[in-house]
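Colleague: Got a file for you: start_35.tsv, TSV, C-alpha atoms.
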```tsv
chain	number	residue	atom	x	y	z
A	1308	MET	CA	-22.61	74.78	0.13
A	1309	ILE	CA	-22.57	78.00	-1.86
A	1310	PHE	CA	-20.65	78.55	-5.06
A	1311	LEU	CA	-19.32	82.04	-5.62
A	1312	THR	CA	-17.86	83.19	-8.91
A	1313	ARG	CA	-15.74	86.18	-9.68
A	1314	ARG	CA	-14.77	87.29	-13.19
A	1315	ALA	CA	-11.74	89.22	-14.36
A	1316	THR	CA	-10.42	89.98	-17.80
A	1317	PHE	CA	-6.95	90.01	-19.23
A	1318	SER	CA	-5.53	90.54	-22.70
A	1319	ALA	CA	-2.70	88.44	-23.99
A	1320	SER	CA	-1.16	87.14	-27.17
A	1321	HIS	CA	-0.25	83.59	-28.05
A	1322	TYR	CA	0.21	81.08	-30.82
A	1323	TYR	CA	-0.09	77.30	-30.93
A	1324	TRP	CA	3.06	75.39	-31.71
A	1325	ASN	CA	4.47	72.02	-30.70
A	1326	GLU	CA	8.28	72.14	-30.95
A	1327	ALA	CA	8.43	68.39	-31.47
A	1328	TRP	CA	6.52	68.66	-34.73
A	1329	SER	CA	7.37	69.88	-38.22
A	1330	ALA	CA	6.06	73.24	-39.40
A	1331	ALA	CA	3.68	71.42	-41.75
A	1332	GLN	CA	2.25	69.32	-38.93
A	1333	ASN	CA	1.79	72.37	-36.69
A	1334	GLU	CA	0.00	74.19	-39.48
A	1335	GLN	CA	-2.17	71.20	-40.24
A	1336	VAL	CA	-3.28	70.68	-36.62
A	1337	PHE	CA	-3.43	74.26	-35.37
A	1338	GLY	CA	-4.47	76.10	-38.56
A	1339	LYS	CA	-4.34	79.87	-38.30
A	1340	CYS	CA	-3.47	79.62	-34.59
A	1341	ALA	CA	-0.02	78.36	-35.66
A	1342	ASN	CA	0.98	81.74	-37.15
A	1343	ARG	CA	4.31	82.37	-35.38
A	1344	ASN	CA	3.69	86.11	-35.27
A	1345	GLY	CA	0.99	85.36	-32.72
A	1346	HIS	CA	-2.46	86.82	-32.25
A	1347	GLY	CA	-4.36	88.02	-29.20
A	1348	HIS	CA	-7.54	87.67	-27.20
A	1349	ASN	CA	-9.44	89.45	-24.51
A	1350	TYR	CA	-9.72	86.57	-22.08
A	1351	THR	CA	-12.25	86.27	-19.29
A	1352	LEU	CA	-11.12	84.34	-16.24
A	1353	GLU	CA	-13.94	82.97	-14.10
A	1354	VAL	CA	-12.99	81.68	-10.68
A	1355	THR	CA	-15.54	79.71	-8.67
A	1356	VAL	CA	-15.03	78.92	-5.00
A	1357	ALA	CA	-17.25	76.71	-2.87
A	1358	GLY	CA	-17.95	76.95	0.83
A	1359	GLU	CA	-20.40	77.81	3.57
A	1360	PRO	CA	-21.29	81.45	4.23
A	1361	ASP	CA	-19.56	82.73	7.35
A	1362	PRO	CA	-22.18	83.04	10.13
A	1363	VAL	CA	-20.97	86.53	11.03
A	1364	THR	CA	-20.17	88.16	7.67
A	1365	GLY	CA	-22.41	86.07	5.40
A	1366	PHE	CA	-19.46	85.75	3.02
A	1367	VAL	CA	-18.19	82.55	1.43
A	1368	VAL	CA	-15.02	84.55	0.81
A	1369	ASP	CA	-14.32	88.25	0.89
A	1370	LEU	CA	-14.69	89.33	-2.75
A	1371	LYS	CA	-12.08	92.02	-2.45
A	1372	TRP	CA	-9.63	89.43	-1.15
A	1373	LEU	CA	-10.48	87.09	-4.03
A	1374	LYS	CA	-10.03	89.92	-6.53
A	1375	ASP	CA	-6.61	90.70	-5.09
A	1376	VAL	CA	-5.55	87.03	-5.21
A	1377	MET	CA	-6.65	86.74	-8.85
A	1378	GLU	CA	-4.81	89.92	-9.75
A	1379	ARG	CA	-1.64	88.97	-7.93
A	1380	GLU	CA	-1.45	85.31	-8.90
A	1381	VAL	CA	-2.81	85.32	-12.45
A	1382	LEU	CA	-3.42	88.72	-14.02
A	1383	ALA	CA	-0.05	90.15	-13.00
A	1384	ALA	CA	1.59	87.29	-14.89
A	1385	TYR	CA	-0.73	87.03	-17.91
A	1386	ASP	CA	-2.22	90.46	-18.63
A	1387	HIS	CA	-0.68	92.25	-21.60
A	1388	ARG	CA	1.86	89.49	-22.03
A	1389	HIS	CA	2.79	87.11	-24.80
A	1390	LEU	CA	2.00	83.75	-23.24
A	1391	ASN	CA	4.50	81.77	-25.34
A	1392	LEU	CA	7.36	84.18	-24.76
A	1393	GLU	CA	6.91	85.61	-21.28
A	1394	VAL	CA	4.81	83.35	-19.10
A	1395	GLU	CA	6.57	80.69	-17.05
A	1396	GLU	CA	4.18	77.77	-17.69
A	1397	PHE	CA	4.23	78.16	-21.47
A	1398	LYS	CA	7.54	79.72	-22.49
A	1399	ALA	CA	10.31	77.95	-24.40
A	1400	GLY	CA	7.75	75.57	-25.86
A	1401	LYS	CA	6.98	73.96	-22.47
A	1402	LEU	CA	3.23	73.89	-22.97
A	1403	VAL	CA	0.90	74.98	-25.75
A	1404	PRO	CA	-1.10	77.94	-24.38
A	1405	THR	CA	-4.54	76.64	-25.32
A	1406	SER	CA	-7.47	77.72	-23.18
A	1407	GLU	CA	-7.48	74.21	-21.67
A	1408	ASN	CA	-3.89	74.62	-20.50
A	1409	ILE	CA	-4.47	78.19	-19.34
A	1410	ALA	CA	-7.37	76.97	-17.18
A	1411	ILE	CA	-5.17	74.28	-15.61
A	1412	ALA	CA	-2.27	76.71	-15.12
A	1413	ALA	CA	-4.55	79.28	-13.46
A	1414	TRP	CA	-5.88	76.52	-11.18
A	1415	LYS	CA	-2.34	75.63	-10.10
A	1416	ARG	CA	-1.60	79.27	-9.36
A	1417	LEU	CA	-4.79	79.90	-7.41
A	1418	GLU	CA	-5.56	76.66	-5.59
A	1419	PRO	CA	-2.83	76.86	-2.91
A	1420	LYS	CA	-3.68	80.48	-2.12
A	1421	VAL	CA	-7.44	80.06	-2.04
A	1422	ASN	CA	-7.46	76.78	-0.12
A	1423	ALA	CA	-4.82	77.93	2.39
A	1424	ALA	CA	-7.03	80.85	3.39
A	1425	GLY	CA	-9.18	78.35	5.27
A	1426	GLY	CA	-12.65	79.39	4.13
A	1427	ALA	CA	-13.72	78.26	0.71
A	1428	GLN	CA	-12.16	75.73	-1.64
A	1429	LEU	CA	-11.39	76.41	-5.27
A	1430	ASN	CA	-14.10	74.66	-7.27
A	1431	ARG	CA	-13.77	75.61	-10.92
A	1432	ILE	CA	-11.76	77.74	-13.32
A	1433	ARG	CA	-13.26	78.77	-16.60
A	1434	VAL	CA	-11.29	80.65	-19.25
A	1435	TYR	CA	-13.13	82.33	-22.10
A	1436	GLU	CA	-10.92	82.96	-25.10
A	1437	THR	CA	-13.80	84.61	-26.96
A	1438	PRO	CA	-17.44	84.89	-25.86
A	1439	GLU	CA	-18.05	81.69	-27.86
A	1440	ILE	CA	-15.17	79.52	-26.65
A	1441	PHE	CA	-14.26	78.45	-23.14
A	1442	ALA	CA	-12.27	75.80	-21.32
A	1443	GLU	CA	-12.96	74.65	-17.80
A	1444	TYR	CA	-10.93	72.79	-15.17
A	1445	ARG	CA	-12.43	71.42	-11.95
A	1446	GLY	CA	-9.28	70.06	-10.38
A	1447	GLU	CA	-9.92	66.53	-11.59
A	1448	ALA	CA	-6.94	64.25	-12.21
B	157	MET	CA	-5.92	65.98	-16.69
B	158	LYS	CA	-9.64	66.01	-17.23
B	159	SER	CA	-10.82	69.31	-18.60
B	160	TYR	CA	-13.89	70.75	-20.29
B	161	PHE	CA	-14.08	72.59	-23.57
B	162	GLY	CA	-17.12	74.64	-24.49
B	163	ARG	CA	-18.16	76.25	-27.73
B	164	ARG	CA	-21.22	78.33	-28.56
B	165	TYR	CA	-23.05	78.29	-31.87
B	166	THR	CA	-26.13	80.15	-33.03
B	167	LEU	CA	-28.98	79.13	-35.25
B	168	SER	CA	-32.32	80.65	-36.11
B	169	ALA	CA	-35.38	78.49	-36.39
B	170	SER	CA	-39.12	78.57	-35.97
B	171	HIS	CA	-41.37	76.32	-33.96
B	172	ARG	CA	-44.85	75.95	-32.64
B	173	LEU	CA	-45.66	74.22	-29.37
B	174	HIS	CA	-48.66	72.07	-30.08
B	175	VAL	CA	-49.60	68.48	-29.28
B	176	ASP	CA	-52.20	66.75	-31.42
B	177	ALA	CA	-53.37	64.62	-28.49
B	178	LEU	CA	-54.55	67.74	-26.63
B	179	THR	CA	-57.64	69.79	-27.49
B	180	VAL	CA	-57.40	73.32	-28.84
B	181	GLU	CA	-58.18	74.67	-25.37
B	182	GLU	CA	-55.69	72.38	-23.66
B	183	ASN	CA	-52.94	73.36	-26.10
B	184	ARG	CA	-53.74	77.01	-25.52
B	185	ALA	CA	-53.67	76.51	-21.76
B	186	ALA	CA	-50.38	74.58	-21.80
B	187	TYR	CA	-48.43	76.63	-24.32
B	188	GLY	CA	-50.05	80.09	-24.36
B	189	LYS	CA	-48.70	82.29	-27.13
B	190	CYS	CA	-46.21	79.58	-28.13
B	191	ASN	CA	-49.26	77.72	-29.48
B	192	ASN	CA	-49.96	80.42	-32.10
B	193	PRO	CA	-50.95	78.41	-35.22
B	194	HIS	CA	-48.41	80.13	-37.45
B	195	GLY	CA	-45.45	79.50	-35.21
B	196	HIS	CA	-42.72	81.92	-34.22
B	197	GLY	CA	-38.92	81.95	-34.20
B	198	HIS	CA	-35.88	82.26	-32.00
B	199	ASN	CA	-32.18	82.88	-32.31
B	200	TYR	CA	-31.03	79.81	-30.47
B	201	VAL	CA	-27.60	79.51	-28.87
B	202	ILE	CA	-26.30	75.95	-28.78
B	203	GLU	CA	-23.52	75.48	-26.23
B	204	VAL	CA	-21.61	72.22	-26.60
B	205	VAL	CA	-19.33	71.08	-23.76
B	206	VAL	CA	-16.84	68.28	-24.37
B	207	THR	CA	-14.85	66.65	-21.59
B	208	GLY	CA	-11.70	64.58	-21.70
B	209	GLU	CA	-7.99	64.47	-21.11
B	210	VAL	CA	-5.95	67.42	-22.36
B	211	ASP	CA	-3.82	65.92	-25.13
B	212	GLN	CA	-0.12	66.29	-24.24
B	213	ASP	CA	0.87	67.21	-27.78
B	214	THR	CA	-1.85	69.65	-28.71
B	215	GLY	CA	-2.94	71.03	-25.34
B	216	MET	CA	-6.51	70.39	-26.43
B	217	VAL	CA	-9.48	68.34	-25.24
B	218	ILE	CA	-10.79	68.37	-28.80
B	219	ASN	CA	-9.70	70.32	-31.84
B	220	LEU	CA	-12.06	73.23	-32.26
B	221	ALA	CA	-12.06	72.84	-36.05
B	222	ASP	CA	-13.18	69.19	-35.75
B	223	LEU	CA	-15.95	70.13	-33.33
B	224	ASP	CA	-17.10	72.97	-35.59
B	225	GLU	CA	-17.28	70.63	-38.56
B	226	ILE	CA	-19.39	68.07	-36.72
B	227	VAL	CA	-21.77	70.62	-35.21
B	228	GLU	CA	-22.11	72.37	-38.56
B	229	GLU	CA	-22.87	69.14	-40.38
B	230	ARG	CA	-25.04	67.43	-37.74
B	231	VAL	CA	-26.91	70.35	-36.19
B	232	LEU	CA	-26.58	73.73	-37.89
B	233	GLU	CA	-27.17	72.58	-41.46
B	234	ARG	CA	-30.15	70.58	-40.29
B	235	PHE	CA	-31.92	73.18	-38.16
B	236	ASP	CA	-30.67	76.66	-39.10
B	237	HIS	CA	-33.37	78.66	-40.88
B	238	LYS	CA	-35.76	75.74	-40.65
B	239	ASN	CA	-39.09	75.00	-39.03
B	240	LEU	CA	-38.36	72.58	-36.17
B	241	ASN	CA	-41.87	71.09	-36.29
B	242	LEU	CA	-41.21	69.80	-39.81
B	243	ASP	CA	-37.99	67.96	-38.90
B	244	THR	CA	-38.33	64.19	-38.44
B	245	ALA	CA	-36.80	64.52	-34.95
B	246	PHE	CA	-40.03	66.24	-33.92
B	247	THR	CA	-42.54	64.06	-35.75
B	248	ASN	CA	-43.73	62.59	-32.47
B	249	ARG	CA	-42.19	65.11	-30.11
B	250	VAL	CA	-43.14	68.69	-29.38
B	251	PRO	CA	-40.22	71.03	-30.19
B	252	THR	CA	-39.86	72.59	-26.78
B	253	THR	CA	-36.31	73.63	-26.08
B	254	GLU	CA	-36.09	70.84	-23.50
B	255	ASN	CA	-36.68	68.37	-26.32
B	256	PHE	CA	-34.47	70.30	-28.71
B	257	SER	CA	-31.54	70.05	-26.27
B	258	ARG	CA	-32.07	66.26	-26.08
B	259	VAL	CA	-32.18	65.96	-29.85
B	260	VAL	CA	-28.96	67.94	-30.25
B	261	PHE	CA	-27.26	65.85	-27.53
B	262	GLY	CA	-28.29	62.66	-29.37
B	263	LEU	CA	-27.03	63.95	-32.71
B	264	LEU	CA	-23.58	64.77	-31.35
B	265	LYS	CA	-23.03	62.15	-28.66
B	266	ASP	CA	-21.24	59.42	-30.61
B	267	MET	CA	-19.77	61.64	-33.31
B	268	LEU	CA	-16.81	63.24	-31.55
B	269	PRO	CA	-13.32	62.14	-32.61
B	270	LYS	CA	-11.94	62.96	-29.13
B	271	GLY	CA	-13.39	63.45	-25.67
B	272	GLU	CA	-16.95	62.85	-24.58
B	273	LEU	CA	-19.98	65.04	-24.88
B	274	GLU	CA	-20.66	66.30	-21.34
B	275	HIS	CA	-23.69	68.46	-21.96
B	276	VAL	CA	-25.59	70.51	-24.47
B	277	ARG	CA	-27.16	73.77	-23.42
B	278	VAL	CA	-29.71	75.44	-25.62
B	279	GLU	CA	-30.59	79.07	-24.97
B	280	GLU	CA	-33.92	79.98	-26.47
B	281	THR	CA	-33.73	83.63	-25.43
B	282	GLU	CA	-31.31	85.52	-23.21
B	283	ASN	CA	-33.50	84.63	-20.26
B	284	ASN	CA	-34.14	80.94	-20.63
B	285	PHE	CA	-31.99	77.95	-21.33
B	286	PHE	CA	-32.16	74.18	-21.11
B	287	GLU	CA	-29.40	71.67	-20.51
B	288	CYS	CA	-29.15	68.00	-21.41
B	289	TYR	CA	-26.49	65.79	-19.83
B	290	GLY	CA	-27.72	62.69	-21.62
B	291	ASP	CA	-29.50	61.32	-18.52
```
Would you write the structure of this file as structure tokens?

Modeller:
Amino acid sequence: MIFLTRRATFSASHYYWNEAWSAAQNEQVFGKCANRNGHGHNYTLEVTVAGEPDPVTGFVVDLKWLKDVMEREVLAAYDHRHLNLEVEEFKAGKLVPTSENIAIAAWKRLEPKVNAAGGAQLNRIRVYETPEIFAEYRGEA
Amino acid sequence: MKSYFGRRYTLSASHRLHVDALTVEENRAAYGKCNNPHGHGHNYVIEVVVTGEVDQDTGMVINLADLDEIVEERVLERFDHKNLNLDTAFTNRVPTTENFSRVVFGLLKDMLPKGELEHVRVEETENNFFECYGD
């Protein structure tokens, strides 16, 4: 089994806010991330797929294909967007756009496409919010 | 859903790889220039990975501010700008980065308010790193 990882970057804005809570509680839990004017990050999305290299091509997956899937399924929706206001999974207070939730949301977007292609299986999504902070989802319940 | 949250911290410290039970020659052979009697230093990167359920209310595995506070208090204050050999954690243990990663894992393991410590990775330079999963 070989694990292949492709990185892509996107820039987006967000803030942390739980609609069920008071302003004071949001500010207490989320600190400066609760500023309703939002703030932004240059995110790095790392997508890892696992599979056997194809005996003919030597590829686990075609990297160009993977790049296109990441661009179509994730970057087109997230890049240069306000996650709380414009992105389906998070808007209208549905879900706080933490890196944890972004990793899970990106998994849900990518898994059906990657796994349906028949070669490799999606293994891991890692989302870097800054070079020092990341969240990871491995498809575990 | 089970997820993983990672955070990287840096600290600068000195160490010398030397074991009293070995002879001068044996120490030199085992540790090379890391055995230099006066020690040397590194900018260490400490990567802490916490695993757990993503909290429905906060969207978080662990609150970053809580993790920062614990790592600051338990690890950074203790080792940053210090000589590792002089810390009690290394009284009977050579401060290789393998051992340093174990020490850091032990200092953080039971201290987290949420989630579980999955692993600690210590990067000694850009080209070498050591991971402890608590095994």

Colleague: I'd like the interatomic distance between CA of Tyr289 in chain B and CA of Val231 in chain B, to a tenth of an Å.

Modeller: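 Taking CA of Tyr289 in chain B as the start and CA of Val231 in chain B as the end point, the length is 17.0 Å.
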
Colleague: Set the distance at 9 Å and use all atoms listed in the file: which residues neighbour Pro269 in chain B once local chain neighbours fewer than 5 positions away are removed? I'd like the list as a compact mmCIF listing (two decimals) with C-alpha atoms, keeping the file's coordinate frame.

Modeller:
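Resulting contents of around.txt:
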```
# COMPACT_ATOMS: atom_id res chain seq x y z
CA ILE B 218 -10.79 68.37 -28.80
CA ASN B 219 -9.70 70.32 -31.84
CA ASP B 222 -13.18 69.19 -35.75
CA LEU B 223 -15.95 70.13 -33.33
```

Colleague: Could you work out which residues of chain B fall inside 12 Å of chain A? Count all atoms listed in the file, and format the result as JSON, numbers by chain.

Modeller: {"B": [157, 158, 159, 160, 161, 162, 163, 164, 165, 166, 201, 202, 203, 204, 205, 206, 207, 208, 209, 210, 211, 212, 213, 214, 215, 216, 217, 218, 219, 220, 221, 222, 223, 224, 274]}

Colleague: Using Å and a single decimal, report how far CA of Thr1312 in chain A sits from CA of Glu1418 in chain A.

Modeller: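 Computing the Euclidean distance for CA of Glu1418 in chain A and CA of Thr1312 in chain A yields 14.3 Å.
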
Colleague: Near Arg1416 in chain A, counting only C-alpha atoms, which residues have an atom at most 9 Å away, once you skip same-chain residues fewer than 4 positions from it, shown as a list in words?

Modeller: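 Non-adjacent residues within range: Glu1380, Val1381, Ile1411, Ala1412 and Lys1420 of chain A.
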
Colleague: Would you place a box with edges along x, y and z of the file around all atoms of range 189-193 of chain B listed there, add 5 Å to each of its six sides, and report the centre and edge lengths in Å to one decimal, as JSON?

Modeller:
```
{"center_x": -48.6, "center_y": 80.0, "center_z": -31.2, "size_x": 14.7, "size_y": 14.6, "size_z": 18.1}
```

Colleague: I'd like the interatomic distance between CA of Lys270 in chain B and CA of Phe256 in chain B, to a tenth of an Å.

Modeller: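 The value is 23.7 Å.
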
Colleague: Name the closest residue to Thr244 in chain B among the candidates B:Asn183, B:Val259, B:Asn283, B:Gly290; distances are taken between atoms, counting only C-alpha atoms.

Modeller: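 Distance minimum relative to Thr244 in chain B lands on B:Val259.
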
Colleague: Neighbouring residues of Asn248 in chain B were defined as those with any atom within 10 Å, considering only C-alpha atoms; residues of the same chain fewer than 6 positions away were excluded. Please report them as a list in words.

Modeller: Val175, Asp176 and Asn241 of chain B

Colleague: Export, as a CSV table (one decimal), in the coordinates of the input, the selected residues with C-alpha atoms.

Modeller:
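Heads up, here's the output in result-v4.csv:
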```csv
chain,number,residue,atom,x,y,z
B,175,VAL,CA,-49.6,68.5,-29.3
B,176,ASP,CA,-52.2,66.8,-31.4
B,241,ASN,CA,-41.9,71.1,-36.3
```

Colleague: Contacts of Gly1426 in chain A at 12 Å or less, counting only C-alpha atoms, minus same-chain residues fewer than 4 places along, as a PyMOL selection string?

Modeller: chain A and resi 1308-1309+1356-1362+1365-1369+1372-1373+1420-1422
